[in-house]
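Structure first, then comments.
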Amino acid sequence: MSGPSKGEAVEIADKAQLVDFAGSGCKPRDKWRIGTEHEKFGFTLDTHEPLTYEGPKGIRTMLEGLQRFGWQPDYEGDNVIALSKEGCSVSLEPGGQLELSGAAVENLHETCSEVHTHLAQVREVGDEMGVGFLGLGFSPKWTLGETPMMPKGRYQIMKRYMPTRGQHGLDMMFRSCTVQVNLDYSSEADMVKKFRTSLALQPLATALFANSPFTEGRPNGHLSHRSYIWTDTDPDRTGMIPFVFEEGFSFERYVDYALDVPMYFVYRDGIYLDVSGQSFRDFLAGKLPGLPGEKPNLADWDNHLTTLFPEVRMKRFLEMRGADGGPWRRLCALPALWVGLLYDDAALESAWELVKNWTAEDRQRIRNDVITHALKTKMPDGRSMQALAVDILEIASAGLESRKRLDSFGEDESHFLNALKTIVKIGKTPAEEMLERYHGAWKQKIDPVFAEYAY
């Protein structure tokens, strides 16, 4: 989750200003960039316990250790809660998950190099501390009670509010990890087509990256438990948001949606003020009960947008949010999938042709079914998700080849899809492979996951 916005404190006069804010994200094709984010669970190497904030094996020590590589600390009170450097940041999720928010880069080679450098730095510091990091979509062992909370003010507010809206909000906060990619659009029409295509296909990403079959040391009956918990987190701010596919969808329609999602907080003078459940529309009118007479600024709006959690989210770019966290090789595959589909016109059109006739009911059923069935999920045309994945990966590969972004060895970006092509070829998700190991070599013990799936 993001830290407080460092954007402009320009007072918002009316809704049109918010629509313009979304429109300001429009960029010409040569300015399109790729921003990759991934989260991971920290654990002690000797006992496989989660990392607390304080202590020689704590998150604070990790953040202090990473500063040897030139990262600059950001503080909330006396606590270092993030690091920043050259457009990147390292930040904390509620349960101590460590997140890299990568810089906006031009190609996937840069993205993968960035991920590799970060993980090497984390590994160097972690080895000295006696801690490791794990790439899964859901905490495989720890209960909520065993999971510590990081000292960030917004998390206190969310922890109180989440249980009033769903059964699994705290699981989402404290026990889940994802990898996502942020991509640009050139115009409102381009945004609409990319939003619709990527939203319809988020369940495909969920299936390909399904990597969370364990809860508290045992199989949980799901292949992507991370995806399952989002089905009962907060109906106001999650899901497949069907209005995106309605005629006339626009920047303004998304703004209206965001205005109607209840707020969590307002950030003032280094403090998160609890306004949970209150209306941004009231705030816009100067009638917010928590701040009577005060009107919001663009930083407040930017902060509010980070508290919306649909499967695809729009700020001044689009965020793909459907995938479980995973190992290094798949961290590069997720941006490769979406760049290949969305950054080439022919690929985008081909992908849209495959999904444009799906109904809202189709999309919701598919989204629900992939939680358990992943690549075996049935598509509206009777094919399996695996068969659709073959077509989609061919389209994405062609899209990446057409970009002709070559590395120093003359290779284009399409090889970053190889990990996904292997999954589709064998028809077995990472979660299913892990379950086989659990019931076989691991002898129904979860601790081997901390050795075999750590970075």
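Each chain of the structure tokens is named A, B, ... in the order shown, its residues numbered from 1; ligands are numbered from 1 in display order.
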### Query
If you run DSSP on the backbone, which residues of region 297-369 of chain A are strand (DSSP E), as a list in words?
Phe309, Pro310, Val312, Arg313, Met314, Leu318, Glu319, Met320, Arg321, Gly322, Ala323 and Asp324 of chain A
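When only C-alpha atoms are used to compute distances to Met385 (chain A), the closest of the residues A:Ala207, A:Leu308, A:Leu144, A:Leu63 turns out to be A:Ala207.
Minimum distance to Ala333 (chain A) across A:Ala205, A:Leu298, A:Val449, A:Val390 (counting only C-alpha atoms) occurs at A:Ala205.
Across A:Leu51, A:Ala22, A:Val339, A:Ala454, the tightest approach to Arg123 (chain A) is made by A:Ala454 when counting only C-alpha atoms.
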Contacts of region 258-269 of chain A at 7 Å or less, counting only C-alpha atoms, minus same-chain residues fewer than 4 places along, as an mmCIF file with C-alpha atoms, in the first residue's frame?
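Writing done, so here's part_15.cif:
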```
data_model
loop_
_atom_site.group_PDB
_atom_site.id
_atom_site.type_symbol
_atom_site.label_atom_id
_atom_site.label_comp_id
_atom_site.auth_asym_id
_atom_site.auth_seq_id
_atom_site.Cartn_x
_atom_site.Cartn_y
_atom_site.Cartn_z
ATOM 1 C CA ILE A 157 -7.477 3.164 10.965
ATOM 2 C CA MET A 158 -7.878 0.363 8.428
ATOM 3 C CA ASP A 236 -17.522 -0.753 -1.639
ATOM 4 C CA ARG A 237 -13.981 -0.761 -3.035
ATOM 5 C CA TYR A 254 -14.511 6.451 -12.634
ATOM 6 C CA LEU A 273 -6.972 11.541 10.795
ATOM 7 C CA ASP A 274 -9.640 8.862 11.012
ATOM 8 C CA VAL A 275 -12.608 9.729 8.767
ATOM 9 C CA SER A 276 -13.452 6.121 7.969
ATOM 10 C CA GLY A 277 -16.823 5.661 6.338
ATOM 11 C CA GLN A 278 -17.243 9.344 5.555
ATOM 12 C CA SER A 279 -17.874 10.704 2.064
ATOM 13 C CA PHE A 280 -15.379 12.393 -0.243
ATOM 14 C CA ARG A 281 -18.381 14.103 -1.854
ATOM 15 C CA ASP A 300 -6.100 14.147 -0.481
ATOM 16 C CA HIS A 304 -8.095 8.413 -1.448
ATOM 17 C CA LEU A 305 -7.504 6.715 -4.801
#
```
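With distances restricted to only C-alpha atoms, A:Ser227 is the closest residue to Thr206 (chain A) from A:Thr372, A:Ser227, A:Ser187, A:Gln180.
Counting only C-alpha atoms, the residue from A:Phe249, A:Phe43, A:Phe409, A:Phe317 that sits nearest to Ser186 (chain A) is A:Phe317.
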### Query
Can you list, as a VMD selection string, every protein, DNA or RNA residue that comes within 8 Å of Gly239 (chain A) when you count only C-alpha atoms, leaving out same-chain residues fewer than 5 positions away?
chain A and resid 230 to 231 309 to 311
Write the selection just made, keeping C-alpha atoms, as a short mmCIF file (atom, residue, chain, number, x, y, z; two decimals), in the first residue's frame?
```cif
data_model
loop_
_atom_site.label_atom_id
_atom_site.label_comp_id
_atom_site.auth_asym_id
_atom_site.auth_seq_id
_atom_site.Cartn_x
_atom_site.Cartn_y
_atom_site.Cartn_z
CA TRP A 230 -10.68 -10.19 -1.87
CA THR A 231 -14.20 -11.57 -2.42
CA PHE A 309 -8.93 -1.95 -4.49
CA PRO A 310 -10.72 -3.17 -7.65
CA GLU A 311 -9.04 -5.80 -9.83
#
```
